[in-house]
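Undergrad: Have a look at this one before I ask anything.
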Amino acid sequence: MRTVNKTFTQYTKDLIKTYLQNPSNNQDVIREISRFLWRNSMLYQRMIMYQASTPLFSFNITQENDFSKDIDADKSWKNYYKVLSEFNKFNIKKEGYTSHVLALRDGFFVGFMYEEDARFFMPLDV
């Protein structure tokens with residue numbers, strides 16, 4: 001039988017102040033404090049979710065044309081429609097919100113984009 005010992009750090013105000021005096025050397029500890037607060041503080045969680053929901057994640061796709069050459073309207077329209085249909089497979093509002101929440105909680109976001117029938121970011125551990 002295996003025994004597991006778990007240790008917990010009590011984050012005091014003074015301890016957090018010492019971590020914040022040199023944040024580049026204490027990145028991992030600060031990230032763990034943020035994750036701890038995310039799990040245990042509804043106020044912290046709601047603050048991050050509010051900040052992540054402020055961007056609108058709207059987009060506008062504009063076609064670039066070289067006016068020194070003749071433009072084939074049918075080909076141009078088909079290419080434009082193809083770009084729009086591919087971009088619409090990516091749920092930009094949901095994926096943008098999720099990546100912003102993780103970036104605010106962890107300090108930055110690292111993810112892998114899957115491209116199948118739908119497109120989405122698979123978050124990776126920072």
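How things are named: the first chain in the structure tokens is A, the next is B, and so on; residues count from 1 in each chain; ligands count from 1 in the order shown.
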So which residues touch Glu95 in chain A within 10 Å, counting only C-alpha atoms, skipping near sequence neighbours fewer than 6 positions away, as a PyMOL selection string?

TA: chain A and resi 57+101+119-122

Undergrad: From a DSSP calculation on the backbone, collect every residue of chain A in helix (DSSP H, G or I) and output the set as a VMD selection string.

TA: chain A and resid 13 to 21 27 to 40 42 to 53 73 to 88 92 to 106

Undergrad: List as JSON lines every residue of range 33-69 of chain A that is in contact with range 86-92 of chain A, defined as an atom at most 10 Å from one of its atoms (using only C-alpha atoms), together with the nearest atom pair and the distance in Å rounded to one decimal, sorted by chain and then rising number.

TA:
```
{"residue": "A:Leu56", "atom": "CA", "partner": "A:Ile92", "partner_atom": "CA", "distance": 9.9}
{"residue": "A:Phe57", "atom": "CA", "partner": "A:Ile92", "partner_atom": "CA", "distance": 6.5}
{"residue": "A:Ser58", "atom": "CA", "partner": "A:Ile92", "partner_atom": "CA", "distance": 8.1}
{"residue": "A:Phe59", "atom": "CA", "partner": "A:Ile92", "partner_atom": "CA", "distance": 8.7}
{"residue": "A:Ile61", "atom": "CA", "partner": "A:Phe87", "partner_atom": "CA", "distance": 9.3}
```

Undergrad: Write a file of the just-selected residues containing N, CA and C atoms, as a PDB file, in the first residue's frame.

TA:
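To be explicit, this is the file written out as result_22.pdb:
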```pdb
ATOM      1  N   LEU A  56     -15.200  42.124 -27.105  1.00  0.00           N
ATOM      2  CA  LEU A  56     -16.372  41.700 -27.867  1.00  0.00           C
ATOM      3  C   LEU A  56     -16.099  40.506 -28.762  1.00  0.00           C
ATOM      4  N   PHE A  57     -14.848  40.295 -29.147  1.00  0.00           N
ATOM      5  CA  PHE A  57     -14.451  39.208 -30.037  1.00  0.00           C
ATOM      6  C   PHE A  57     -15.216  39.260 -31.359  1.00  0.00           C
ATOM      7  N   SER A  58     -15.461  40.463 -31.835  1.00  0.00           N
ATOM      8  CA  SER A  58     -16.068  40.646 -33.150  1.00  0.00           C
ATOM      9  C   SER A  58     -14.968  40.638 -34.196  1.00  0.00           C
ATOM     10  N   PHE A  59     -15.327  40.321 -35.395  1.00  0.00           N
ATOM     11  CA  PHE A  59     -14.323  40.295 -36.446  1.00  0.00           C
ATOM     12  C   PHE A  59     -14.901  40.848 -37.737  1.00  0.00           C
ATOM     13  N   ILE A  61     -13.762  40.613 -41.816  1.00  0.00           N
ATOM     14  CA  ILE A  61     -12.830  40.070 -42.805  1.00  0.00           C
ATOM     15  C   ILE A  61     -12.994  40.862 -44.089  1.00  0.00           C
TER      16      ILE A  61
END
```

Undergrad: Near Tyr80 in chain A, counting only C-alpha atoms, which residues have an atom at most 12 Å away, once you skip same-chain residues fewer than 5 positions from it, shown as a list in words?

TA: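 Near neighbours after the sequence-gap exclusion: Ile61, Thr62, Gln63, Glu64, Asn65, Ala73, Asp74, Lys75, Ser85, Glu86 and Phe87 of chain A.
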
Undergrad: Can you list every residue in chain A that DSSP puts in strand (DSSP E or B), as a list in words?

TA: Phe90, Gly111, Phe112, Met113, Tyr114, Glu115, Arg119, Phe120, Phe121, Met122 and Pro123 of chain A

Undergrad: Identify which of the residues A:Ser53, A:Arg46, A:Pro23, A:Ile33 lies closest to Gln10 in chain A, counting only C-alpha atoms when measuring atom-to-atom distances.

TA: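 Result for the nearest residue to Gln10 in chain A: A:Ile33.
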
Undergrad: Could you check how far CA of Leu37 in chain A sits from CA of Lys93 in chain A, in Å to one decimal?

TA: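 Atom-to-atom, CA of Leu37 in chain A and CA of Lys93 in chain A are spaced 25.2 Å apart.
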
Undergrad: What's the 12 Å shell around Asn26 in chain A, counting only C-alpha atoms, without same-chain residues fewer than 6 positions away, as a compact mmCIF listing (two decimals) with N, CA and C atoms, in the first residue's frame?

TA:
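around19.txt, freshly written:
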```
# COMPACT_ATOMS: atom_id res chain seq x y z
N LEU A 15 4.07 36.82 3.02
CA LEU A 15 4.65 35.88 2.07
C LEU A 15 4.34 36.30 0.63
N ILE A 16 3.12 36.74 0.40
CA ILE A 16 2.74 37.19 -0.94
C ILE A 16 3.51 38.45 -1.31
N LYS A 17 3.71 39.35 -0.35
CA LYS A 17 4.49 40.57 -0.62
C LYS A 17 5.91 40.22 -1.03
N THR A 18 6.52 39.22 -0.39
CA THR A 18 7.89 38.83 -0.77
C THR A 18 7.91 38.22 -2.16
N TYR A 19 6.88 37.46 -2.54
CA TYR A 19 6.81 36.91 -3.89
C TYR A 19 6.66 38.02 -4.93
N LEU A 20 5.88 39.04 -4.60
CA LEU A 20 5.63 40.11 -5.56
C LEU A 20 6.78 41.10 -5.67
N GLU A 32 0.61 29.53 -8.88
CA GLU A 32 -0.08 28.60 -7.98
C GLU A 32 -1.00 29.35 -7.02
N ILE A 33 -0.60 30.53 -6.57
CA ILE A 33 -1.47 31.34 -5.72
C ILE A 33 -2.73 31.74 -6.49
```

Undergrad: Using only C-alpha atoms, pick whichever of A:Lys69, A:Tyr81, A:Phe36, A:Asp117 has the shortest atom-to-atom distance to Phe8 in chain A.

TA: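 Result for the nearest residue to Phe8 in chain A: A:Phe36.
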
Undergrad: I'd like to know which of A:Asp72, A:Phe109, A:Arg2, A:Leu84 is closest to Gly96 in chain A, using only C-alpha atoms.

TA: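 Using only C-alpha atoms, the shortest distance to Gly96 in chain A belongs to A:Phe109.
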
Undergrad: Just the residues within 12 Å of Leu102 in chain A, please, counting only C-alpha atoms, with nothing from its chain fewer than 3 positions along; format it as a list in words.

TA: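 Everything that qualifies: Arg31, Ser34, Arg35, Trp38, Gln45, Ile48, Met49, Gln51, Ala52, Glu95, Gly96, Tyr97, Thr98, Ser99, Arg105, Asp106, Gly107, Phe108, Phe109, Val110, Gly111, Phe121, Met122, Pro123, Leu124, Asp125 and Val126 of chain A.
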
Undergrad: Could you dump the residues just selected with N, CA and C atoms as an mmCIF file, in the first residue's frame?

TA:
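Below is the file that was written, part-v5.cif:
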```cif
data_model
loop_
_atom_site.group_PDB
_atom_site.id
_atom_site.type_symbol
_atom_site.label_atom_id
_atom_site.label_comp_id
_atom_site.auth_asym_id
_atom_site.auth_seq_id
_atom_site.Cartn_x
_atom_site.Cartn_y
_atom_site.Cartn_z
ATOM 1 N N ARG A 31 1.699 31.906 -9.864
ATOM 2 C CA ARG A 31 0.703 31.189 -10.662
ATOM 3 C C ARG A 31 -0.076 30.212 -9.786
ATOM 4 N N SER A 34 -2.552 32.117 -7.759
ATOM 5 C CA SER A 34 -3.697 32.492 -8.588
ATOM 6 C C SER A 34 -4.634 31.305 -8.784
ATOM 7 N N ARG A 35 -4.076 30.137 -9.030
ATOM 8 C CA ARG A 35 -4.913 28.937 -9.185
ATOM 9 C C ARG A 35 -5.614 28.587 -7.874
ATOM 10 N N TRP A 38 -8.429 30.935 -7.567
ATOM 11 C CA TRP A 38 -9.453 30.563 -8.545
ATOM 12 C C TRP A 38 -10.333 29.446 -7.982
ATOM 13 N N GLN A 45 -12.684 34.560 -8.858
ATOM 14 C CA GLN A 45 -13.162 33.888 -10.063
ATOM 15 C C GLN A 45 -14.071 34.808 -10.881
ATOM 16 N N ILE A 48 -12.067 37.641 -12.630
ATOM 17 C CA ILE A 48 -11.390 37.181 -13.842
ATOM 18 C C ILE A 48 -12.393 36.941 -14.959
ATOM 19 N N MET A 49 -13.525 36.334 -14.647
ATOM 20 C CA MET A 49 -14.534 36.078 -15.679
ATOM 21 C C MET A 49 -15.091 37.382 -16.236
ATOM 22 N N GLN A 51 -13.413 40.320 -16.398
ATOM 23 C CA GLN A 51 -12.363 40.906 -17.239
ATOM 24 C C GLN A 51 -12.257 40.172 -18.573
ATOM 25 N N ALA A 52 -12.434 38.858 -18.567
ATOM 26 C CA ALA A 52 -12.342 38.075 -19.801
ATOM 27 C C ALA A 52 -13.535 38.311 -20.717
ATOM 28 N N GLU A 95 -13.913 30.566 -27.756
ATOM 29 C CA GLU A 95 -12.482 30.277 -27.631
ATOM 30 C C GLU A 95 -11.710 31.490 -27.116
ATOM 31 N N GLY A 96 -12.100 32.676 -27.540
ATOM 32 C CA GLY A 96 -11.457 33.890 -27.056
ATOM 33 C C GLY A 96 -11.695 34.101 -25.573
ATOM 34 N N TYR A 97 -12.925 33.854 -25.137
ATOM 35 C CA TYR A 97 -13.251 33.998 -23.713
ATOM 36 C C TYR A 97 -12.450 33.003 -22.875
ATOM 37 N N THR A 98 -12.429 31.746 -23.305
ATOM 38 C CA THR A 98 -11.709 30.711 -22.560
ATOM 39 C C THR A 98 -10.222 31.011 -22.482
ATOM 40 N N SER A 99 -9.634 31.423 -23.593
ATOM 41 C CA SER A 99 -8.198 31.717 -23.582
ATOM 42 C C SER A 99 -7.895 32.946 -22.721
ATOM 43 N N ARG A 105 -5.766 34.061 -15.371
ATOM 44 C CA ARG A 105 -5.505 33.223 -14.191
ATOM 45 C C ARG A 105 -4.037 32.799 -14.099
ATOM 46 N N ASP A 106 -3.446 32.404 -15.234
ATOM 47 C CA ASP A 106 -2.102 31.819 -15.230
ATOM 48 C C ASP A 106 -0.998 32.777 -15.648
ATOM 49 N N GLY A 107 -1.354 33.963 -16.124
ATOM 50 C CA GLY A 107 -0.323 34.917 -16.552
ATOM 51 C C GLY A 107 -0.157 34.952 -18.058
ATOM 52 N N PHE A 108 -0.405 33.842 -18.735
ATOM 53 C CA PHE A 108 -0.406 33.792 -20.193
ATOM 54 C C PHE A 108 -1.122 32.520 -20.625
ATOM 55 N N PHE A 109 -1.400 32.416 -21.915
ATOM 56 C CA PHE A 109 -2.148 31.270 -22.441
ATOM 57 C C PHE A 109 -1.285 30.520 -23.441
ATOM 58 N N VAL A 110 -1.271 29.216 -23.293
ATOM 59 C CA VAL A 110 -0.595 28.340 -24.249
ATOM 60 C C VAL A 110 -1.622 27.325 -24.701
ATOM 61 N N GLY A 111 -1.780 27.200 -26.005
ATOM 62 C CA GLY A 111 -2.766 26.257 -26.504
ATOM 63 C C GLY A 111 -2.393 25.714 -27.857
ATOM 64 N N PHE A 121 -9.246 25.668 -29.475
ATOM 65 C CA PHE A 121 -7.957 25.664 -28.802
ATOM 66 C C PHE A 121 -7.981 24.602 -27.704
ATOM 67 N N MET A 122 -6.952 23.797 -27.671
ATOM 68 C CA MET A 122 -6.767 22.858 -26.566
ATOM 69 C C MET A 122 -5.746 23.487 -25.641
ATOM 70 N N PRO A 123 -6.158 23.932 -24.446
ATOM 71 C CA PRO A 123 -5.208 24.591 -23.545
ATOM 72 C C PRO A 123 -4.138 23.609 -23.077
ATOM 73 N N LEU A 124 -2.907 24.077 -23.026
ATOM 74 C CA LEU A 124 -1.798 23.293 -22.496
ATOM 75 C C LEU A 124 -1.380 23.878 -21.156
ATOM 76 N N ASP A 125 -0.805 23.049 -20.322
ATOM 77 C CA ASP A 125 -0.357 23.525 -19.024
ATOM 78 C C ASP A 125 0.844 24.452 -19.225
ATOM 79 N N VAL A 126 0.780 25.637 -18.612
ATOM 80 C CA VAL A 126 1.863 26.584 -18.760
ATOM 81 C C VAL A 126 3.067 26.133 -17.973
#
```

Undergrad: How many Å lie between CA of Val83 in chain A and CA of Asp66 in chain A, rounded to one decimal?

TA: 17.8 Å
